[in-house]
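Shown below: target_36.cif, with mmCIF, C-alpha atoms.
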```cif
data_protein
loop_
_atom_site.label_atom_id
_atom_site.label_comp_id
_atom_site.auth_asym_id
_atom_site.auth_seq_id
_atom_site.Cartn_x
_atom_site.Cartn_y
_atom_site.Cartn_z
CA MET A 1312 64.27 48.71 123.39
CA ILE A 1313 63.15 50.13 120.06
CA ASP A 1314 61.68 47.45 117.79
CA LYS A 1315 64.36 45.82 115.64
CA GLU A 1316 62.37 46.24 112.43
CA LEU A 1317 62.06 49.99 113.01
CA LEU A 1318 65.82 50.27 113.40
CA THR A 1319 66.75 48.29 110.30
CA SER A 1320 64.03 49.08 107.74
CA TYR A 1321 63.87 51.83 105.12
CA PHE A 1322 61.37 54.66 105.39
CA THR A 1323 59.35 56.44 102.72
CA THR A 1324 58.13 60.01 102.47
CA ASN A 1325 54.47 58.98 102.67
CA GLN A 1326 54.70 56.72 105.73
CA ASN A 1327 55.47 57.54 109.36
CA THR A 1328 58.73 56.19 110.75
CA TYR A 1329 57.37 55.52 114.25
CA TRP A 1330 60.83 56.06 115.70
CA PRO A 1331 60.17 57.13 119.30
CA CYS A 1332 61.19 60.64 120.30
CA SER A 1333 64.33 60.55 122.44
CA THR A 1334 63.42 63.83 124.16
CA CYS A 1335 59.94 63.13 125.53
CA SER A 1336 59.52 59.36 124.87
CA ASN A 1337 55.81 59.99 124.26
CA GLY A 1338 55.76 60.94 120.58
CA TYR A 1339 57.32 59.60 117.42
CA LEU A 1340 59.20 61.26 114.57
CA LEU A 1341 57.17 62.85 111.79
CA LEU A 1342 58.73 63.99 108.54
CA HIS A 1343 58.59 67.71 107.76
CA GLU A 1344 57.63 67.27 104.13
CA ASN A 1345 58.68 70.75 103.04
CA THR A 1346 62.20 70.10 104.41
CA PHE A 1347 62.77 66.85 102.55
CA PHE A 1348 65.32 67.05 99.73
CA SER A 1349 66.67 64.17 97.67
CA GLU A 1350 68.92 63.82 94.62
CA GLU A 1351 70.47 60.99 92.65
CA THR A 1352 74.20 60.60 93.21
CA SER A 1353 76.69 61.42 90.45
CA ALA A 1354 77.94 57.83 90.29
CA SER A 1355 74.37 56.58 89.97
CA GLN A 1356 73.64 58.97 87.11
CA LYS A 1357 76.69 57.74 85.19
CA THR A 1358 75.56 54.10 85.36
CA GLN A 1359 72.32 54.84 83.48
CA SER A 1360 74.13 54.70 80.15
CA HIS A 1361 75.49 51.21 80.85
CA TYR A 1362 74.06 48.12 79.20
CA GLY A 1363 71.66 46.23 81.46
CA TRP A 1364 70.87 49.24 83.61
CA GLU A 1365 67.77 48.84 85.81
CA PRO A 1366 66.00 51.41 88.04
CA GLU A 1367 66.97 49.29 91.06
CA LEU A 1368 70.55 50.50 90.49
CA ILE A 1369 69.62 54.11 91.25
CA SER A 1370 71.32 55.51 94.35
CA LEU A 1371 69.95 58.54 96.19
CA VAL A 1372 71.00 60.88 98.97
CA TYR A 1373 68.63 62.89 101.17
CA SER A 1374 68.41 65.44 103.94
CA CYS A 1375 65.40 66.44 106.03
CA ILE A 1376 63.96 67.50 109.36
CA PHE A 1377 61.78 65.29 111.55
CA ARG A 1378 59.71 66.62 114.43
CA CYS A 1379 58.13 64.93 117.43
CA SER A 1380 54.42 64.14 117.04
CA ASN A 1381 53.84 65.22 120.66
CA ASN A 1382 52.84 68.89 120.43
CA ASN A 1383 53.98 69.45 124.02
CA CYS A 1384 57.48 68.41 122.95
CA ASN A 1385 57.82 69.34 119.27
CA GLU A 1386 61.52 68.39 119.26
CA GLN A 1387 63.29 68.79 115.92
CA PHE A 1388 65.61 66.12 114.47
CA VAL A 1389 67.94 66.63 111.53
CA SER A 1390 68.69 63.63 109.33
CA SER A 1391 70.63 62.72 106.22
CA GLY A 1392 71.31 59.44 104.49
CA HIS A 1393 70.93 57.41 101.34
CA GLY A 1394 68.13 55.80 99.37
CA CYS A 1395 67.17 53.59 96.48
CA LEU A 1396 64.16 52.58 94.40
CA GLU A 1397 62.07 49.57 95.37
CA TRP A 1398 59.55 48.03 93.03
CA ASP A 1399 56.09 46.63 93.65
CA ILE A 1400 53.14 45.41 91.59
CA GLU A 1401 50.03 47.58 91.50
CA GLU A 1402 46.80 47.48 89.50
CA ASP A 1403 45.76 50.45 87.39
CA GLU A 1404 42.18 51.69 87.02
CA HIS A 1405 41.53 48.91 84.51
CA GLY A 1406 42.73 46.16 86.81
CA ILE A 1407 45.91 45.63 84.82
CA GLU A 1408 48.99 44.88 86.90
CA LYS A 1409 52.06 47.01 86.38
CA GLN A 1410 55.45 47.38 88.00
CA VAL A 1411 55.94 50.63 89.90
CA TYR A 1412 59.02 52.09 91.61
CA SER A 1413 59.04 54.05 94.85
CA PRO A 1414 61.97 55.74 96.60
CA CYS A 1415 62.87 54.54 100.08
CA PHE A 1416 65.50 55.90 102.43
CA GLU A 1417 67.77 54.90 105.29
CA PRO A 1418 69.40 57.34 107.73
CA TYR A 1419 73.14 57.68 107.98
CA TYR A 1420 72.90 60.56 110.43
CA LEU A 1421 70.18 61.48 112.94
CA TYR A 1422 70.52 64.20 115.58
CA PRO A 1423 69.46 64.12 118.35
CA SER A 1424 70.03 60.37 118.29
CA LEU A 1425 67.43 57.78 119.18
CA LYS A 1426 67.42 56.25 122.68
CA ILE A 1427 67.67 52.71 121.43
CA ILE A 1428 67.52 50.93 124.79
CA ASP A 1429 66.01 51.80 128.16
CA ILE A 1430 68.69 53.04 130.55
CA PRO A 1431 67.67 52.86 134.24
CA LYS A 1432 67.68 56.24 135.98
CA ASN A 1433 70.30 55.22 138.52
CA VAL A 1434 72.89 54.20 135.91
CA PRO A 1435 75.97 56.46 136.45
CA ASP A 1436 76.41 59.36 134.04
CA ASP A 1437 79.67 58.16 132.50
CA ILE A 1438 78.03 54.87 131.47
CA THR A 1439 75.01 56.71 130.08
CA ASN A 1440 77.29 59.07 128.13
CA GLN A 1441 79.11 56.16 126.49
CA LEU A 1442 75.81 54.57 125.51
CA ASN A 1443 74.53 57.85 124.06
CA LYS A 1444 77.71 58.09 121.96
CA SER A 1445 77.02 54.57 120.78
CA PHE A 1446 73.45 55.50 119.79
CA GLU A 1447 74.76 58.49 117.82
CA LEU A 1448 76.89 56.15 115.68
CA PHE A 1449 74.35 53.34 115.30
CA PHE A 1450 73.31 54.24 111.74
CA SER A 1451 76.63 55.49 110.39
CA SER A 1452 79.21 53.13 111.94
CA PRO A 1453 78.10 49.88 113.63
CA SER A 1454 81.72 49.09 114.59
CA ALA A 1455 82.16 52.44 116.36
CA ALA A 1456 78.78 52.05 118.06
CA ILE A 1457 79.88 48.65 119.37
CA ASN A 1458 83.20 50.07 120.62
CA HIS A 1459 81.41 52.66 122.75
CA ALA A 1460 79.08 49.99 124.13
CA ARG A 1461 82.12 47.90 125.06
CA SER A 1462 83.60 50.92 126.84
CA ALA A 1463 80.34 51.15 128.78
CA LEU A 1464 80.91 47.58 129.94
CA GLU A 1465 84.34 48.55 131.33
CA LEU A 1466 82.70 51.44 133.20
CA ILE A 1467 80.01 49.15 134.59
CA LEU A 1468 82.74 46.98 136.10
CA ASN A 1469 84.41 50.10 137.53
CA HIS A 1470 81.22 51.18 139.28
CA LEU A 1471 80.73 47.68 140.64
CA LYS A 1472 84.20 47.98 142.23
CA VAL A 1473 85.75 45.20 140.17
CA PRO A 1474 89.56 45.66 140.37
CA LYS A 1475 91.29 47.02 137.27
CA THR A 1476 94.84 46.06 138.31
CA THR A 1477 96.64 43.40 140.32
CA ILE A 1478 100.15 42.61 141.57
CA ASN A 1479 101.92 39.97 139.48
CA SER A 1480 104.57 37.42 140.47
CA LYS A 1481 107.28 40.04 139.90
CA ASN A 1482 105.60 42.35 142.40
CA LYS A 1483 104.56 44.76 139.63
CA ARG A 1484 101.12 46.27 139.24
CA VAL A 1485 99.54 45.19 135.95
CA LYS A 1486 96.17 45.68 134.30
CA ILE A 1487 93.55 42.96 134.52
CA ASN A 1488 92.04 42.21 131.12
CA LEU A 1489 88.30 42.52 130.57
CA HIS A 1490 87.71 38.78 130.48
CA ASN A 1491 89.31 38.25 133.90
CA ARG A 1492 87.47 41.25 135.36
CA ILE A 1493 84.19 39.68 134.26
CA ASP A 1494 85.25 36.42 135.92
CA LYS A 1495 85.83 38.26 139.19
CA LEU A 1496 82.40 39.94 139.11
CA ALA A 1497 80.50 36.87 138.05
CA LYS A 1498 82.25 34.32 140.25
CA GLN A 1499 79.00 33.15 141.78
CA ASN A 1500 76.65 34.21 138.99
CA SER A 1501 77.07 32.08 135.87
CA GLU A 1502 74.14 33.72 134.08
CA LEU A 1503 75.62 37.19 134.52
CA LYS A 1504 78.98 35.90 133.31
CA GLU A 1505 77.41 34.57 130.10
CA LEU A 1506 75.75 37.92 129.41
CA LEU A 1507 78.84 40.02 130.08
CA LEU A 1508 81.10 37.75 128.05
CA ALA A 1509 78.71 37.96 125.10
CA ILE A 1510 78.97 41.78 125.23
CA LYS A 1511 82.74 41.48 125.41
CA TRP A 1512 83.00 39.16 122.40
CA ILE A 1513 80.80 41.36 120.24
CA GLY A 1514 82.78 44.37 121.45
CA ASN A 1515 86.02 42.70 120.38
CA GLU A 1516 84.60 42.31 116.87
CA GLY A 1517 84.08 46.08 116.71
CA SER A 1518 87.82 46.62 117.16
CA HIS A 1519 88.75 44.63 114.05
CA PRO A 1520 88.78 46.88 110.95
CA GLU A 1521 88.53 43.86 108.63
CA LYS A 1522 85.20 42.86 110.19
CA ARG A 1523 82.14 44.33 108.48
CA LEU A 1524 79.60 44.60 111.29
CA THR A 1525 75.94 45.40 110.75
CA LYS A 1526 73.17 47.14 112.64
CA ASN A 1527 71.84 43.70 113.55
CA ASP A 1528 75.14 42.96 115.34
CA VAL A 1529 74.78 46.18 117.36
CA ILE A 1530 71.16 45.33 118.19
CA ASP A 1531 72.24 41.91 119.52
CA LEU A 1532 74.68 43.65 121.85
CA TYR A 1533 72.11 46.27 122.91
CA GLU A 1534 69.53 43.60 123.79
CA ILE A 1535 71.96 41.86 126.12
CA LEU A 1536 73.27 45.11 127.57
CA GLU A 1537 69.78 46.38 128.32
CA HIS A 1538 69.06 43.23 130.34
CA VAL A 1539 72.37 43.57 132.21
CA LEU A 1540 71.68 47.20 133.12
CA SER A 1541 68.24 46.28 134.40
CA GLU A 1542 69.60 43.44 136.52
CA LEU A 1543 72.56 45.35 137.95
CA PHE A 1544 71.06 48.80 138.47
CA GLU A 1545 67.35 48.14 138.97
CA ASN A 1546 67.61 44.76 140.69
CA LYS A 1547 64.18 43.75 139.40
CA SER A 1548 64.84 40.06 140.00
CA LYS A 1549 65.91 40.69 143.61
CA THR A 1550 62.90 42.93 144.21
CA ILE A 1551 60.48 40.32 142.91
CA LEU A 1552 62.24 37.56 144.84
CA ALA A 1553 62.09 39.59 148.08
CA LYS A 1554 58.38 40.19 147.51
CA ALA A 1555 57.78 36.49 146.91
CA LYS A 1556 59.67 35.55 150.09
CA LYS A 1557 57.60 38.04 152.09
CA ILE A 1558 54.37 36.52 150.78
CA ASN A 1559 55.61 32.99 151.46
CA LYS A 1560 56.63 33.88 155.00
CA ALA A 1561 53.20 35.38 155.69
CA LYS A 1562 51.53 32.51 153.81
CA GLY A 1563 49.54 35.04 151.85
CA ILE A 1564 49.08 38.76 151.37
CA LYS A 1565 48.63 40.77 154.55
#
```

Please, can you express the file's structure as structure tokens?
Amino acid sequence: MIDKELLTSYFTTNQNTYWPCSTCSNGYLLLHENTFFSEETSASQKTQSHYGWEPELISLVYSCIFRCSNNNCNEQFVSSGHGCLEWDIEEDEHGIEKQVYSPCFEPYYLYPSLKIIDIPKNVPDDITNQLNKSFELFFSSPSAAINHARSALELILNHLKVPKTTINSKNKRVKINLHNRIDKLAKQNSELKELLLAIKWIGNEGSHPEKRLTKNDVIDLYEILEHVLSELFENKSKTILAKAKKINKAKGIK
């Protein structure tokens, strides 16, 4: 998974972002300086005449192109978003400290999107597609990103053959809710149940318009989901356990 700080911090025009390229996975995104354009918003300009105005109140918008640092890839990424001024203390040539302001920016839109978590190769396409839709919305709408990740959970249960419907006491076929589907899958795996339920609960929050979710909330879900995908579709734990049993049976490596 991409480092949390990289996903939640601002970037500047004189520092590399170090967001990994989603096309080749070997390079990181470099800013095309001659494509970068930024302006102060109209609302921000109007506040400058107000009493008590400070530079920290300035609001910016930007657009630019990033490219992959790997010359064998050279993928291009278009981005737009917002920015502000952050202050710091620097010394001038006489050693006198002064307050300086520097613009910093945060993406609202990035295309192609980042591959925020590692998706095992044998994960079915429909699950991968839902996760990619989630990644596309990570910066602009955390709630929508979470909703797509929750949809991926439903698809995971489908591919694991967990029933979606059942016959009720009135002999009618009815849908099984997500919570009960998770119970069926994780009947003999309490750890898996805890992980899947956590994804479900966060996913439920994404469906409530009154809830103001953040990128950190999405990252929490992604971290759990990445582990679940690894366990269910790569079976790393089972592979390691099988290897250990083989060594124990042979009482050593042969």

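Across the chains present, the PyMOL selection byres ((chain A and resi 1393) around 6) applied to this file returns Leu1371, Val1372, Tyr1373, Gly1392, Gly1394, Phe1416 and Glu1417 of chain A.
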
Exercise for review: List, as a ChimeraX atom specification, every residue that the PyMOL selection byres ((chain A and resi 1323-1335) around 10) selects in the file provided.
Suggested key: /A:1313-1314,1317-1318,1320-1322,1336-1344,1347,1377-1381,1383-1388,1394,1413-1417,1422-1427

**Study point:** Residues matched by the PyMOL selection byres ((chain A and resi 1430-1435) around 8) as a list in words
**Key:** Ile1428, Asp1429, Asp1436, Asp1437, Ile1438, Thr1439, His1470, Glu1537, Leu1540, Ser1541, Phe1544 and Glu1545 of chain A

**Study point:** Residue neighbourhood region 1510-1525 of chain A, 9 Å, all atoms listed in the file, exclusion window fewer than 2 positions, as an NGL selection string
**Key:** :A and (1452-1462 or 1464 or 1489-1490 or 1505-1508 or 1527-1533 or 1535-1536)

Quick one: what's the axis-aligned box for region 1367-1376 of chain A, all listed atoms, 6 Å on every side, centre and edges in Å to one decimal, as lines of an AutoDock Vina configuration file?
```
center_x = 67.6
center_y = 58.4
center_z = 99.9
size_x = 19.4
size_y = 30.2
size_z = 30.9
```

Practice item. Could you give me, as a list in words, the residues within 9 Å of Gln1359 (chain A), counting all atoms listed in the file and dropping anything in the same chain fewer than 6 positions from it? Key: Glu1365, Pro1366, Leu1368 and Ile1369 of chain A

May I have the residues from that selection written out with C-alpha atoms, as a compact mmCIF listing (two decimals), in the frame of the given file?
```txt
# COMPACT_ATOMS: atom_id res chain seq x y z
CA GLU A 1365 67.77 48.84 85.81
CA PRO A 1366 66.00 51.41 88.04
CA LEU A 1368 70.55 50.50 90.49
CA ILE A 1369 69.62 54.11 91.25
```

Name the residues within 7 Å of (74.6, 56.2, 111.0), counting all atoms listed in the file in the file's coordinates, and put them as a PDB file with C-alpha atoms, keeping the file's coordinate frame.
```
ATOM      1  CA  PRO A1418      69.400  57.340 107.730  1.00  0.00           C
ATOM      2  CA  TYR A1419      73.140  57.680 107.980  1.00  0.00           C
ATOM      3  CA  TYR A1420      72.900  60.560 110.430  1.00  0.00           C
ATOM      4  CA  LEU A1448      76.890  56.150 115.680  1.00  0.00           C
ATOM      5  CA  PHE A1449      74.350  53.340 115.300  1.00  0.00           C
ATOM      6  CA  PHE A1450      73.310  54.240 111.740  1.00  0.00           C
ATOM      7  CA  SER A1451      76.630  55.490 110.390  1.00  0.00           C
ATOM      8  CA  SER A1452      79.210  53.130 111.940  1.00  0.00           C
TER       9      SER A1452
END
```

Practice item. Would you mind reading off the distance between CA of Cys1375 (chain A) and CA of Ser1390 (chain A), one decimal, in Å? Key: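 Between CA of Cys1375 (chain A) and CA of Ser1390 (chain A) the gap is 5.4 Å.
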
Practice item. Give the answer as one residue: which of A:Ser1353, A:Glu1465, A:Lys1481, A:Trp1364 has the shortest atom-to-atom distance to Gln1441 (chain A), using all atoms listed in the file? Key: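 Checking each candidate against Gln1441 (chain A), we get A:Glu1465 as the closest.
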
Revision key, fill the gap. Students should find that CA of Lys1472 (chain A) and CA of Asn1491 (chain A) are spaced 13.8 Å

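What separates CA of Ser1480 (chain A) from CA of Lys1504 (chain A) is a distance of 26.6 Å.
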
**Study point:** Surrounding residues of Tyr1412 (chain A) excluding itself and chain neighbours under 4 positions, 7 Å, all atoms listed in the file, as a PyMOL selection string
**Key:** chain A and resi 1396-1399

Review point. Do you know which residues are at most 8 Å from Thr1476 (chain A) counting all atoms listed in the file, after dropping those on the same chain fewer than 5 positions away, and could you put them as a list in words?
Key: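 Within the cut-off, the hits are Arg1484, Val1485, Lys1486 and Ile1487 of chain A.
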